[in-house]
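model_37.pdb (PDB, C-alpha atoms and all ligand atoms) appears below.
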```pdb
ATOM      1  CA  MET A 379       0.516  19.798  14.085
ATOM      2  CA  LEU A 380       2.944  21.439  11.717
ATOM      3  CA  HIS A 381       1.902  21.590   8.026
ATOM      4  CA  LEU A 382       4.906  22.185   5.766
ATOM      5  CA  PRO A 383       4.520  23.215   2.122
ATOM      6  CA  SER A 384       7.552  21.514   0.579
ATOM      7  CA  PRO A 385       9.971  18.581   0.868
ATOM      8  CA  ASP A 386      12.777  21.109   1.478
ATOM      9  CA  ALA A 387      11.037  22.564   4.518
ATOM     10  CA  ALA A 388      10.266  19.026   5.732
ATOM     11  CA  GLN A 389      13.893  17.971   5.327
ATOM     12  CA  THR A 390      15.143  20.913   7.411
ATOM     13  CA  TRP A 391      12.584  20.217  10.144
ATOM     14  CA  CYS A 392      13.387  16.481  10.183
ATOM     15  CA  GLN A 393      17.120  17.206  10.418
ATOM     16  CA  GLN A 394      16.417  19.367  13.475
ATOM     17  CA  GLN A 395      14.373  16.595  15.061
ATOM     18  CA  ARG A 396      17.153  14.102  14.506
ATOM     19  CA  SER A 397      19.847  16.419  15.866
ATOM     20  CA  ASN A 398      17.689  16.865  18.966
ATOM     21  CA  GLY A 399      17.776  13.073  19.303
ATOM     22  CA  ARG A 400      14.114  12.571  18.438
ATOM     23  CA  THR A 401      13.176   9.444  16.497
ATOM     24  CA  ILE A 402      10.902   9.895  13.497
ATOM     25  CA  GLY A 403       8.166   7.466  12.455
ATOM     26  CA  PHE A 404       7.011   8.085   8.905
ATOM     27  CA  VAL A 405       3.827   7.280   6.966
ATOM     28  CA  PRO A 406       3.909   8.094   3.231
ATOM     29  CA  THR A 407       0.426   8.525   1.713
ATOM     30  CA  MET A 408      -1.376   9.858  -1.326
ATOM     31  CA  GLY A 409      -4.003  11.461   0.906
ATOM     32  CA  SER A 410      -7.779  11.064   0.875
ATOM     33  CA  LEU A 411      -7.194   9.401   4.188
ATOM     34  CA  HIS A 412      -9.342   6.620   5.617
ATOM     35  CA  ARG A 413      -9.077   4.376   8.669
ATOM     36  CA  GLY A 414      -6.514   2.178   6.921
ATOM     37  CA  HIS A 415      -4.100   5.104   6.692
ATOM     38  CA  LEU A 416      -4.981   6.191  10.200
ATOM     39  CA  SER A 417      -4.101   2.799  11.660
ATOM     40  CA  LEU A 418      -0.573   3.382  10.306
ATOM     41  CA  VAL A 419      -0.463   6.930  11.663
ATOM     42  CA  LYS A 420      -1.672   5.799  15.080
ATOM     43  CA  ARG A 421       1.051   3.198  15.247
ATOM     44  CA  ALA A 422       3.736   5.619  14.051
ATOM     45  CA  CYS A 423       2.669   8.120  16.723
ATOM     46  CA  SER A 424       2.741   5.510  19.482
ATOM     47  CA  GLU A 425       6.121   3.976  18.554
ATOM     48  CA  ASN A 426       8.168   7.122  17.821
ATOM     49  CA  GLU A 427       8.857  10.495  19.376
ATOM     50  CA  THR A 428       7.655  12.308  16.279
ATOM     51  CA  CYS A 429       5.183  11.125  13.669
ATOM     52  CA  CYS A 430       5.555  12.484  10.175
ATOM     53  CA  VAL A 431       3.116  11.994   7.263
ATOM     54  CA  SER A 432       3.530  12.958   3.612
ATOM     55  CA  ILE A 433       0.636  13.586   1.244
ATOM     56  CA  PHE A 434       1.600  13.417  -2.394
ATOM     57  CA  VAL A 435      -0.281  11.901  -5.329
ATOM     58  CA  ASN A 436       2.773  10.669  -7.173
ATOM     59  CA  PRO A 437       2.340  10.900 -10.963
ATOM     60  CA  LEU A 438       5.318   8.577 -11.499
ATOM     61  CA  GLN A 439       3.310   5.608 -10.248
ATOM     62  CA  PHE A 440       0.288   6.157 -12.513
ATOM     63  CA  GLU A 441       0.556   4.677 -15.986
ATOM     64  CA  ASP A 442      -2.735   6.273 -16.965
ATOM     65  CA  SER A 443      -3.248  10.030 -16.685
ATOM     66  CA  LYS A 444      -7.048   9.531 -16.424
ATOM     67  CA  ASP A 445      -6.514   7.415 -13.295
ATOM     68  CA  TYR A 446      -4.121  10.056 -11.920
ATOM     69  CA  ASN A 447      -6.607  12.874 -12.542
ATOM     70  CA  ALA A 448      -9.528  10.900 -11.073
ATOM     71  CA  TYR A 449      -7.617   9.989  -7.902
ATOM     72  CA  PRO A 450      -9.562  11.532  -4.970
ATOM     73  CA  ARG A 451      -7.967  14.502  -3.210
ATOM     74  CA  ASN A 452      -9.181  15.916   0.131
ATOM     75  CA  LEU A 453      -6.342  17.917   1.650
ATOM     76  CA  ASP A 454      -8.396  20.010   4.085
ATOM     77  CA  SER A 455     -10.167  17.091   5.713
ATOM     78  CA  ASP A 456      -6.905  15.077   5.697
ATOM     79  CA  LEU A 457      -5.196  17.822   7.699
ATOM     80  CA  THR A 458      -8.000  17.902  10.258
ATOM     81  CA  THR A 459      -7.947  14.123  10.646
ATOM     82  CA  LEU A 460      -4.173  13.980  11.031
ATOM     83  CA  GLU A 461      -4.229  16.674  13.677
ATOM     84  CA  GLN A 462      -6.845  14.666  15.608
ATOM     85  CA  GLN A 463      -4.640  11.558  15.399
ATOM     86  CA  GLY A 464      -1.723  13.359  17.055
ATOM     87  CA  CYS A 465       0.481  13.562  13.960
ATOM     88  CA  THR A 466       3.455  15.900  14.597
ATOM     89  CA  MET A 467       4.212  17.083  11.074
ATOM     90  CA  VAL A 468       2.625  16.656   7.643
ATOM     91  CA  PHE A 469       4.152  17.836   4.405
ATOM     92  CA  VAL A 470       3.111  18.109   0.800
ATOM     93  CA  GLY A 471       5.027  18.861  -2.371
ATOM     94  CA  SER A 472       4.923  18.939  -6.139
ATOM     95  CA  LEU A 473       6.824  16.649  -8.473
ATOM     96  CA  GLY A 474       9.151  19.555  -9.328
ATOM     97  CA  GLN A 475       9.884  20.128  -5.636
ATOM     98  CA  PHE A 476      10.760  16.460  -5.153
ATOM     99  CA  PHE A 477      13.106  16.506  -8.174
ATOM    100  CA  PRO A 478      14.558  20.046  -8.152
ATOM    101  CA  GLU A 479      17.638  18.943 -10.124
ATOM    102  CA  ILE A 480      15.528  17.944 -13.153
ATOM    103  CA  VAL A 481      14.530  20.756 -15.510
ATOM    104  CA  ASP A 482      12.136  18.814 -17.735
ATOM    105  CA  LEU A 483      10.002  16.605 -15.500
ATOM    106  CA  GLN A 484       9.290  14.270 -18.409
ATOM    107  CA  GLU A 485      12.972  13.348 -18.147
ATOM    108  CA  ILE A 486      12.811  11.920 -14.618
ATOM    109  CA  LYS A 487      14.445   8.510 -14.671
ATOM    110  CA  THR A 488      12.679   6.103 -12.360
ATOM    111  CA  LEU A 489      14.545   3.531 -10.279
ATOM    112  CA  GLY A 490      13.944  -0.089 -11.200
ATOM    113  CA  ALA A 491      11.538  -1.750  -8.775
ATOM    114  CA  GLY A 492      13.972  -4.646  -8.290
ATOM    115  CA  ARG A 493      13.281  -8.361  -8.105
ATOM    116  CA  TYR A 494      10.041  -7.942  -6.162
ATOM    117  CA  GLY A 495       8.649  -5.806  -8.947
ATOM    118  CA  ARG A 496       8.303  -8.851 -11.169
ATOM    119  CA  GLY A 497       4.877 -10.330 -11.896
ATOM    120  CA  LEU A 498       1.414  -9.282 -10.679
ATOM    121  CA  GLU A 499       1.496  -5.469 -10.309
ATOM    122  CA  GLY A 500       4.667  -5.431 -12.389
ATOM    123  CA  THR A 501       2.818  -7.182 -15.207
ATOM    124  CA  PHE A 502      -0.504  -5.373 -15.036
ATOM    125  CA  ARG A 503       0.809  -1.910 -14.140
ATOM    126  CA  PRO A 504       4.165  -1.700 -15.893
ATOM    127  CA  GLY A 505       6.240   1.099 -14.384
ATOM    128  CA  HIS A 506       3.989   1.482 -11.333
ATOM    129  CA  LEU A 507       6.331  -0.099  -8.793
ATOM    130  CA  ASP A 508       9.313   1.667 -10.389
ATOM    131  CA  GLY A 509       7.487   4.931  -9.705
ATOM    132  CA  VAL A 510       6.742   3.822  -6.144
ATOM    133  CA  ARG A 511      10.376   2.931  -5.429
ATOM    134  CA  THR A 512      11.554   6.225  -6.921
ATOM    135  CA  ILE A 513       9.300   8.438  -4.797
ATOM    136  CA  ILE A 514       9.746   6.395  -1.618
ATOM    137  CA  ASP A 515      13.506   6.682  -2.060
ATOM    138  CA  ARG A 516      13.131  10.498  -2.223
ATOM    139  CA  LEU A 517      10.751  10.521   0.729
ATOM    140  CA  PHE A 518      13.047   8.399   2.905
ATOM    141  CA  ARG A 519      15.989  10.680   2.094
ATOM    142  CA  THR A 520      13.847  13.740   2.892
ATOM    143  CA  VAL A 521      12.588  12.480   6.250
ATOM    144  CA  GLY A 522      15.333  10.147   7.505
ATOM    145  CA  PRO A 523      12.915   8.045   9.566
ATOM    146  CA  VAL A 524      13.872   5.268  11.967
ATOM    147  CA  ASN A 525      10.603   3.476  11.208
ATOM    148  CA  ALA A 526       8.300   3.657   8.185
ATOM    149  CA  TYR A 527       4.792   2.215   8.144
ATOM    150  CA  PHE A 528       3.092   0.548   5.184
ATOM    151  CA  GLY A 529      -0.139  -1.408   4.740
ATOM    152  CA  GLU A 530      -0.126  -5.104   3.931
ATOM    153  CA  LYS A 531      -2.954  -4.412   1.439
ATOM    154  CA  ASP A 532      -0.294  -3.221  -1.010
ATOM    155  CA  PHE A 533       1.729  -6.343  -0.382
ATOM    156  CA  GLN A 534       4.033  -6.247  -3.381
ATOM    157  CA  GLN A 535       4.766  -2.591  -2.605
ATOM    158  CA  THR A 536       5.897  -3.595   0.898
ATOM    159  CA  LEU A 537       8.383  -6.028  -0.666
ATOM    160  CA  VAL A 538       9.771  -3.410  -3.038
ATOM    161  CA  VAL A 539      10.032  -0.826  -0.251
ATOM    162  CA  SER A 540      11.659  -3.283   2.175
ATOM    163  CA  ASP A 541      14.182  -4.094  -0.545
ATOM    164  CA  LEU A 542      14.901  -0.362  -0.968
ATOM    165  CA  ALA A 543      15.303   0.094   2.799
ATOM    166  CA  ALA A 544      17.742  -2.830   2.904
ATOM    167  CA  GLN A 545      19.708  -1.212   0.075
ATOM    168  CA  ILE A 546      19.997   2.277   1.605
ATOM    169  CA  GLY A 547      20.316   0.995   5.182
ATOM    170  CA  TYR A 548      17.180   2.555   6.719
ATOM    171  CA  PRO A 549      14.392   2.744   7.865
ATOM    172  CA  GLN A 550      12.876  -0.274   9.496
ATOM    173  CA  VAL A 551       9.803  -1.067   7.380
ATOM    174  CA  ILE A 552       6.798  -2.023   9.480
ATOM    175  CA  VAL A 553       3.965  -3.769   7.672
ATOM    176  CA  CYS A 554       0.546  -3.178   9.256
ATOM    177  CA  PRO A 555      -2.622  -5.287   8.865
ATOM    178  CA  THR A 556      -5.258  -4.406   6.280
ATOM    179  CA  VAL A 557      -8.215  -2.496   7.680
ATOM    180  CA  ARG A 558     -11.555  -3.550   6.186
ATOM    181  CA  ASP A 559     -15.144  -2.385   6.326
ATOM    182  CA  GLU A 560     -17.780  -4.510   8.033
ATOM    183  CA  SER A 561     -18.282  -6.574   4.875
ATOM    184  CA  GLY A 562     -14.565  -7.290   4.580
ATOM    185  CA  LEU A 563     -13.849  -4.914   1.686
ATOM    186  CA  ALA A 564     -10.343  -3.501   2.173
ATOM    187  CA  LEU A 565     -10.535   0.251   2.748
ATOM    188  CA  SER A 566      -9.071   2.180  -0.149
ATOM    189  CA  SER A 567      -9.195   5.795  -1.263
ATOM    190  CA  ARG A 568     -10.516   4.431  -4.557
ATOM    191  CA  ASN A 569     -13.625   2.982  -2.824
ATOM    192  CA  ALA A 570     -15.017   6.525  -2.887
ATOM    193  CA  LEU A 571     -15.302   6.130  -6.663
ATOM    194  CA  LEU A 572     -17.571   3.043  -6.377
ATOM    195  CA  SER A 573     -21.384   3.071  -6.496
ATOM    196  CA  SER A 574     -23.228   0.967  -3.887
ATOM    197  CA  PRO A 575     -23.900  -1.930  -6.306
ATOM    198  CA  GLN A 576     -20.242  -1.866  -7.352
ATOM    199  CA  LYS A 577     -19.176  -1.969  -3.694
ATOM    200  CA  LYS A 578     -21.357  -5.038  -3.204
ATOM    201  CA  GLN A 579     -19.645  -6.754  -6.114
ATOM    202  CA  ALA A 580     -16.256  -5.718  -4.784
ATOM    203  CA  HIS A 581     -16.933  -7.623  -1.550
ATOM    204  CA  SER A 582     -16.399 -10.823  -3.517
ATOM    205  CA  ILE A 583     -12.683 -10.080  -3.533
ATOM    206  CA  TYR A 584     -12.481 -10.688   0.209
ATOM    207  CA  GLN A 585     -14.833 -13.662  -0.079
ATOM    208  CA  ALA A 586     -12.424 -15.190  -2.586
ATOM    209  CA  LEU A 587      -9.444 -14.587  -0.290
ATOM    210  CA  LEU A 588     -11.333 -16.123   2.621
ATOM    211  CA  ALA A 589     -12.208 -19.174   0.540
ATOM    212  CA  ALA A 590      -8.522 -19.747  -0.183
ATOM    213  CA  HIS A 591      -7.740 -19.204   3.509
ATOM    214  CA  GLN A 592     -10.407 -21.729   4.401
ATOM    215  CA  ILE A 593      -9.012 -24.517   2.226
ATOM    216  CA  TRP A 594      -5.476 -23.695   3.367
ATOM    217  CA  THR A 595      -6.601 -24.336   6.953
ATOM    218  CA  THR A 596      -7.933 -27.731   5.882
ATOM    219  CA  GLY A 597      -4.484 -28.636   4.527
ATOM    220  CA  GLU A 598      -4.554 -27.622   0.842
ATOM    221  CA  ARG A 599      -1.085 -26.404  -0.174
ATOM    222  CA  ARG A 600      -1.103 -26.525  -3.994
ATOM    223  CA  PRO A 601      -1.004 -22.982  -5.431
ATOM    224  CA  GLU A 602      -3.110 -23.846  -8.465
ATOM    225  CA  THR A 603      -5.939 -25.328  -6.408
ATOM    226  CA  LEU A 604      -5.883 -22.385  -4.014
ATOM    227  CA  ALA A 605      -5.969 -19.946  -6.949
ATOM    228  CA  SER A 606      -8.809 -21.833  -8.698
ATOM    229  CA  THR A 607     -10.894 -21.584  -5.553
ATOM    230  CA  MET A 608     -10.546 -17.798  -5.675
ATOM    231  CA  LEU A 609     -11.291 -17.647  -9.401
ATOM    232  CA  GLU A 610     -14.461 -19.722  -9.023
ATOM    233  CA  ILE A 611     -15.888 -16.999  -6.803
ATOM    234  CA  LEU A 612     -14.558 -14.052  -8.787
ATOM    235  CA  ASN A 613     -15.715 -15.387 -12.143
ATOM    236  CA  ASN A 614     -19.301 -15.381 -10.871
ATOM    237  CA  THR A 615     -19.249 -11.588 -10.567
ATOM    238  CA  ASP A 616     -18.935  -8.570 -12.868
ATOM    239  CA  LEU A 617     -15.403  -7.986 -11.654
ATOM    240  CA  GLY A 618     -12.737  -7.910 -14.335
ATOM    241  CA  VAL A 619     -10.070 -10.060 -12.735
ATOM    242  CA  GLU A 620      -6.484  -9.144 -13.597
ATOM    243  CA  TYR A 621      -4.898 -11.740 -11.357
ATOM    244  CA  ALA A 622      -5.810 -14.085  -8.528
ATOM    245  CA  GLU A 623      -2.569 -15.757  -7.520
ATOM    246  CA  ILE A 624      -0.836 -17.502  -4.703
ATOM    247  CA  ARG A 625       2.805 -16.762  -4.025
ATOM    248  CA  ASP A 626       5.411 -17.618  -1.477
ATOM    249  CA  PRO A 627       5.632 -14.209   0.253
ATOM    250  CA  THR A 628       9.398 -14.377   0.759
ATOM    251  CA  ALA A 629      10.686 -16.222  -2.304
ATOM    252  CA  TRP A 630       8.357 -14.206  -4.581
ATOM    253  CA  THR A 631       9.021 -16.428  -7.545
ATOM    254  CA  GLU A 632       6.303 -17.837  -9.750
ATOM    255  CA  THR A 633       4.962 -21.019  -8.219
ATOM    256  CA  THR A 634       4.806 -24.412  -9.859
ATOM    257  CA  PRO A 635       1.101 -25.365  -9.926
ATOM    258  CA  GLU A 636       1.386 -28.643  -8.047
ATOM    259  CA  THR A 637       4.324 -27.909  -5.738
ATOM    260  CA  PRO A 638       3.025 -27.423  -2.199
ATOM    261  CA  LEU A 639       3.872 -24.156  -0.446
ATOM    262  CA  GLN A 640       5.016 -23.824   3.161
ATOM    263  CA  GLN A 641       3.809 -20.254   3.405
ATOM    264  CA  ALA A 642       1.426 -18.464   1.116
ATOM    265  CA  GLN A 643       0.097 -15.046   0.237
ATOM    266  CA  ALA A 644      -3.097 -14.844  -1.813
ATOM    267  CA  LEU A 645      -3.225 -11.746  -4.021
ATOM    268  CA  ILE A 646      -6.038 -10.366  -6.175
ATOM    269  CA  ALA A 647      -6.387  -7.404  -8.533
ATOM    270  CA  ALA A 648      -9.715  -6.714 -10.198
ATOM    271  CA  ARG A 649     -11.500  -3.877 -11.942
ATOM    272  CA  ILE A 650     -15.048  -2.772 -11.454
ATOM    273  CA  GLY A 651     -16.284   0.028 -13.666
ATOM    274  CA  GLY A 652     -13.182   2.108 -14.152
ATOM    275  CA  VAL A 653     -11.863   1.401 -10.659
ATOM    276  CA  ARG A 654      -9.004  -0.957  -9.947
ATOM    277  CA  LEU A 655      -8.904  -2.693  -6.566
ATOM    278  CA  ILE A 656      -6.268  -4.900  -4.995
ATOM    279  CA  ASP A 657      -6.359  -7.035  -1.889
ATOM    280  CA  THR A 658      -4.376  -9.781  -0.239
ATOM    281  CA  LEU A 659      -4.441 -12.243   2.615
ATOM    282  CA  ARG A 660      -1.703 -14.254   4.275
ATOM    283  CA  LEU A 661      -3.038 -17.798   4.255
ATOM    284  CA  ASP A 662      -0.721 -19.248   6.902
ATOM    285  CA  SER A 663      -1.825 -16.844   9.630
ATOM    286  CA  ARG A 664      -4.835 -16.283  11.836
ATOM    287  CA  HIS A 665      -5.180 -12.495  11.662
ATOM    288  CA  THR A 666      -8.236 -12.515   9.367
ATOM    289  CA  ASN A 667     -10.883 -11.677  11.962
ATOM    290  CA  GLU A 668      -8.765  -9.204  13.884
ATOM    291  CA  THR A 669      -8.438  -6.875  10.892
ATOM    292  CA  ILE A 670     -12.199  -6.704  10.422
ATOM    293  CA  ALA A 671     -12.598  -5.945  14.110
ATOM    294  CA  VAL A 672     -10.270  -2.930  13.695
ATOM    295  CA  ALA A 673     -12.548  -1.510  11.001
ATOM    296  CA  GLN A 674     -15.721  -2.114  12.973
ATOM    297  CA  ALA A 675     -14.320  -0.284  15.967
ATOM    298  CA  GLY A 676     -14.045   2.979  14.013
ATOM    299  CA  SER A 677     -16.346   5.018  11.851
ATOM    300  CA  GLY A 678     -16.090   6.828   8.502
ATOM    301  CA  PRO A 679     -15.393   5.530   5.003
TER     302      PRO A 679
HETATM  303  P1  LIG B   1      -1.869   5.235  -0.392
HETATM  304  O1  LIG B   1      -2.370   6.563   0.078
HETATM  305  O2  LIG B   1      -2.877   4.446  -1.137
HETATM  306  O3  LIG B   1      -0.540   5.341  -1.110
HETATM  307  O4  LIG B   1      -1.578   4.395   0.913
HETATM  308  C1  LIG B   1      -0.675   4.859   1.895
HETATM  309  C2  LIG B   1      -0.388   3.713   2.830
HETATM  310  O5  LIG B   1      -1.599   3.283   3.464
HETATM  311  C3  LIG B   1       0.179   2.492   2.101
HETATM  312  O6  LIG B   1       1.219   1.935   2.879
HETATM  313  C4  LIG B   1      -1.017   1.573   2.030
HETATM  314  O7  LIG B   1      -0.669   0.202   1.968
HETATM  315  C5  LIG B   1      -1.719   1.884   3.349
HETATM  316  N1  LIG B   1      -3.117   1.471   3.278
HETATM  317  C6  LIG B   1      -4.009   1.740   2.303
HETATM  318  N2  LIG B   1      -5.190   1.119   2.550
HETATM  319  C7  LIG B   1      -5.038   0.435   3.706
HETATM  320  C8  LIG B   1      -5.883  -0.407   4.480
HETATM  321  N3  LIG B   1      -7.134  -0.676   4.123
HETATM  322  N4  LIG B   1      -5.386  -0.944   5.614
HETATM  323  C9  LIG B   1      -4.107  -0.686   6.002
HETATM  324  N5  LIG B   1      -3.257   0.105   5.317
HETATM  325  C10 LIG B   1      -3.705   0.656   4.175
END
```

Could you quickly redo this structure as structure tokens?
Ligand code: AMP
Amino acid sequence: MLHLPSPDAAQTWCQQQRSNGRTIGFVPTMGSLHRGHLSLVKRACSENETCCVSIFVNPLQFEDSKDYNAYPRNLDSDLTTLEQQGCTMVFVGSLGQFFPEIVDLQEIKTLGAGRYGRGLEGTFRPGHLDGVRTIIDRLFRTVGPVNAYFGEKDFQQTLVVSDLAAQIGYPQVIVCPTVRDESGLALSSRNALLSSPQKKQAHSIYQALLAAHQIWTTGERRPETLASTMLEILNNTDLGVEYAEIRDPTAWTETTPETPLQQAQALIAARIGGVRLIDTLRLDSRHTNETIAVAQAGSGP
């Protein structure tokens, strides 16, 4: 596996790959890799001639410098894991290297997240999805991938990124199922910051999603009732709920409480201690048990 120290070096290497007719599958990450990330890498390796991963904790998508500083970083073990997964090239970079044309990095102008940036993450983390779109735009232009792989866990991010890809004309954005631990907690780099009792509390997030899924399967279609079912569970815990909402995953407009939905995505953000967790579940699908099975098959965090 090649480990390149800058976006410039990565861009040159990727250009060579493309001129040799090799397709690139790309997985952007912030590192501290777990089996969720690796499921994306595995898929990118199997569906493309080269598999490229970036590791960059992007300050533009953190509204809070404390959160940015506390974000776990494990470059050495990430490199070992990626090599084992068959990744072809990994690159890192600094903010200055990603934006060489900007002298004062405070002056970086972020791209607007677009229509999918409205509500939920857009409300509770203002500027976050703008920062995501800005760095993913740079990363796509650096790598020039045919396919890029993202996790459904960050559902609103997948909408913003798909919108960006549609705007610039590439890559194909492939959304991969959420990998969970045996209790159903979605794997996240931030889970490393949770104590065991906090992890136990955090499991309620998936329980709440499952409860909404359950009543969906019995025919409930009203967003408000589906959301109340989730809140009933979450409000019985120490979790600080930011949102527990149901949205039409394609229209992405705010729902009218009593108007039945044809398709639905349940989305939750909650804080425990200083740690913010998000999770989601598509209610009109049957993939729930499969994603847990993926996590049980592996080992690690
Ligand atoms: P991050 O390092 O948090 O920016 O995540 C990099 C990519 O991994 C994003 O596309 C995430 O959605 C994806 N990802 C994170 N956690 C999981 C998970 N538990 N299952 C599947 N994909 C995930």

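Within the 9 Å cut-off around A:His415, using all atoms listed in the file and omitting residues fewer than 4 positions from it on the same chain, the listed residues are Val405, Thr407, Gly409, Leu411, Val419, Lys420, Phe528, Gly529, Val557, Leu565 and Ser566 of chain A.
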
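Straight-line separation from atom CA of A:Arg600 to atom CA of A:Ala622: 14.1 Å.
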
Point (-9.0, -0.4, -6.4) neighbourhood (12 Å, only C-alpha atoms) written as a PyMOL selection string: chain A and resi 445+449+531-532+563-572+576-577+580-581+583+617-620+646-657

I need the output of the PyMOL selection byres (((chain A and resi 457-473) around 8) and not hetatm) for this file as a ChimeraX atom specification; which residues are they? /A:379-385,388,416,419-420,423,428-434,436-437,453-456,474-477,483

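With distances restricted to only C-alpha atoms and all ligand atoms, A:Gln534 is the closest residue to ligand LIG 1 (chain B) from A:Gln585, A:Gln534, A:Thr637, A:Thr607.
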
Within 9 Å of A:Val510, counting only C-alpha atoms, which residues show up once you throw out same-chain ones fewer than 4 positions away? Write them as number ranges by chain, please. A: 436, 438-439, 488-489, 491, 505-506, 514-515, 535, 538-539

Give me the result of the PyMOL selection byres (((chain A and resi 425) around 12) and not hetatm) on this file, residue by residue, as a PyMOL selection string. chain A and resi 400-404+418-424+426-430+523-527+552
